[in-house]
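Comments concern the structure below.
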Amino acid sequence: MSWHLGLVVLERISMQKLTKCAILAGALTCAASAVPAGSTVTKGSQGTAVKLSETPLAQYYRKMQTSFLAQGLMKTTTRMPNAPMDPATLSRDFVEIALHNEYSGGLSSSGHRSTKPLLRWEEPVRLQVMFGASVDKARRAKDLRSISSYVNTLARATRHPITVNPHKPNFHVLVVTEAERKSLSKTLPKLIPGISKSTLSNIARMRRNHLCMVVAEPYGDRSRGFRKAVAIIRAEHPDQMRASCIQEELAQGMGLSNDCQEVWPSIFNDDQEFALLTRRDEKLLGMLYDPRLKSGMTPAEVSPYLHAVASSQY
């Protein structure tokens with residue numbers, strides 16, 4: 001059994017490359033905003049208004065979304081009538097999503113996927129949304145409504161205190177353009193004191209097929225769960241892709257860190273079939289925050305509780 005006890009780093013990546021960054025040893029991390037929360041700045045870096053929908057990157061993502069939709073992907077339904085939904089399959093899915101590392105970053109020395117201890121938030125989550133200067137007021141207002149509503153969904157599913165609260169936030173959601181992302185090396189140290197140079201370097205190398213990213217940093221004592229998290233949402237995304245990124249990254253930032261092709265129907269899947277959190281995903285989040293479980297438990301320690309925890313979701 002191999003545990004990677006570094007930061008939990010996840011990226012939603014386009015189907016051009018169906019690999020994802022997962023539980024990585026050492027220190028990969030995430031992002032900050034170009035302006036403080038509540039700012040009313042609406043000008044670009046050169047002092048002129050920016051129409052994000054007309055930038056080459058925004059056009060690239062719009063074409064990508066159109067292609068996904070044409071293939072029947074990015075479904076917004078949250079339930080599939082023919083999907084198996086019972087304690088046994090839910091337990092299996094939970095093990096895959098909550099107790100394994102990503103395929104790309106979570107291989108043991110023997111070449112098998114490595115397991116990891118359960119990690120979640122043991123303290124209240126105080127989420128702050130921050131915007132780059134190029135994101136206009138109307139877009140900010142729409143994103144804030146979307147994120148606030150979704151935070152309520154996460155709180156109901158987990159029965160854990162999660163609020164949009166700028167007072168001593170521990171979960172930062174950063175909506176930034178590509179140009180602003182490239183300048184994050186200057187602002188991240190202010191948001192996350194002690195952030196490593198390797199983390200800043202990896203953020204700077206984020207490619208355009210990396211649709212979004214979340215990082216959840218645990219305490220040194222894993223029984224205390226996560227200490228802070230940061231999510232990067234690209235401001236250039238069209239509406240449906242933007243909503244999908246928000247929903248997956250925030251949910252994965254709660255502790256369901258893996259993606260698995262066998263888990264269906266689910267947003268925790270690299271095939272882009274579902275754009276939004278499904279009913280199955282809500283049950284998996286409910287299992288993660290069941291009071292019988294706690295951060296730091298090994299898969300072997302979780303196992304005796306699995307059936308009862310899954311059954312309580314019905």
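Residues are named by chain letter and number: chains run A, B, ... in the order of the structure tokens, numbers start at 1 in each chain, and ligands are numbered from 1 in the order shown.
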Using only C-alpha atoms, what table do you get, as CSV, when you list each residue of range 162-250 of chain A with an atom no more than 12 Å from range 76-88 of chain A, its nearest pair of atoms, and their distance in Å rounded to one decimal, rows by chain then rising number?
residue,atom,partner,partner_atom,distance
A:Gln240,CA,A:Thr76,CA,8.9
A:Met241,CA,A:Thr76,CA,11.0
A:Ala243,CA,A:Thr76,CA,10.1
A:Ser244,CA,A:Thr76,CA,9.1
A:Gln247,CA,A:Thr76,CA,11.5
Could you dump the residues just selected with N, CA and C atoms as an mmCIF file, in the first residue's frame?
data_model
loop_
_atom_site.group_PDB
_atom_site.id
_atom_site.type_symbol
_atom_site.label_atom_id
_atom_site.label_comp_id
_atom_site.auth_asym_id
_atom_site.auth_seq_id
_atom_site.Cartn_x
_atom_site.Cartn_y
_atom_site.Cartn_z
ATOM 1 N N GLN A 240 -22.062 26.458 -19.718
ATOM 2 C CA GLN A 240 -22.217 25.083 -19.264
ATOM 3 C C GLN A 240 -20.894 24.491 -18.795
ATOM 4 N N MET A 241 -19.828 24.785 -19.504
ATOM 5 C CA MET A 241 -18.515 24.300 -19.101
ATOM 6 C C MET A 241 -18.085 24.954 -17.791
ATOM 7 N N ALA A 243 -20.129 26.054 -15.378
ATOM 8 C CA ALA A 243 -20.907 25.441 -14.300
ATOM 9 C C ALA A 243 -20.357 24.060 -13.950
ATOM 10 N N SER A 244 -19.960 23.307 -14.963
ATOM 11 C CA SER A 244 -19.417 21.969 -14.741
ATOM 12 C C SER A 244 -18.126 22.027 -13.944
ATOM 13 N N GLN A 247 -18.874 22.897 -10.285
ATOM 14 C CA GLN A 247 -19.470 21.812 -9.513
ATOM 15 C C GLN A 247 -18.478 20.686 -9.229
#
Counting only C-alpha atoms, which residues of range 148-209 of chain A sit at most 8 Å from some atom of range 280-298 of chain A, and what is each one's closest atom pair with its distance in Å to one decimal, listed by chain and rising residue number, as CSV?
residue,atom,partner,partner_atom,distance
A:Leu154,CA,A:Glu282,CA,7.8
A:Ala157,CA,A:Gly286,CA,5.3
A:Thr158,CA,A:Gly286,CA,4.6
A:Arg159,CA,A:Tyr289,CA,7.2
A:His160,CA,A:Tyr289,CA,7.1
For the selection you just gave me, I'd like the residues written to a file as a PDB file, in the first residue's frame, keeping N, CA and C atoms.
ATOM      1  N   LEU A 154     -24.033  21.430  -1.554  1.00  0.00           N
ATOM      2  CA  LEU A 154     -22.959  20.679  -0.901  1.00  0.00           C
ATOM      3  C   LEU A 154     -23.206  20.552   0.598  1.00  0.00           C
ATOM      4  N   ALA A 157     -25.903  17.937   1.136  1.00  0.00           N
ATOM      5  CA  ALA A 157     -25.433  16.579   0.850  1.00  0.00           C
ATOM      6  C   ALA A 157     -24.499  16.059   1.942  1.00  0.00           C
ATOM      7  N   THR A 158     -23.644  16.920   2.458  1.00  0.00           N
ATOM      8  CA  THR A 158     -22.646  16.502   3.439  1.00  0.00           C
ATOM      9  C   THR A 158     -23.120  16.659   4.885  1.00  0.00           C
ATOM     10  N   ARG A 159     -24.113  17.519   5.094  1.00  0.00           N
ATOM     11  CA  ARG A 159     -24.528  17.900   6.446  1.00  0.00           C
ATOM     12  C   ARG A 159     -23.346  18.459   7.231  1.00  0.00           C
ATOM     13  N   HIS A 160     -22.485  19.137   6.508  1.00  0.00           N
ATOM     14  CA  HIS A 160     -21.306  19.772   7.085  1.00  0.00           C
ATOM     15  C   HIS A 160     -21.447  21.282   6.904  1.00  0.00           C
TER      16      HIS A 160
END
Which polymer residues have any atom within 7 Å of an atom of Ser91 in chain A, counting only C-alpha atoms, with same-chain residues fewer than 6 positions away left out, as a short mmCIF file (atom, residue, chain, number, x, y, z; two decimals) with C-alpha atoms, in the first residue's frame?
data_model
loop_
_atom_site.label_atom_id
_atom_site.label_comp_id
_atom_site.auth_asym_id
_atom_site.auth_seq_id
_atom_site.Cartn_x
_atom_site.Cartn_y
_atom_site.Cartn_z
CA LEU A 306 -18.96 0.88 4.54
CA HIS A 307 -22.19 -1.10 4.22
CA ALA A 310 -23.94 3.37 2.35
#
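Using only C-alpha atoms for every distance, the candidate list A:Tyr314, A:Pro299, A:Pro169, A:Leu276 yields A:Leu276 as the residue closest to Arg242 in chain A.
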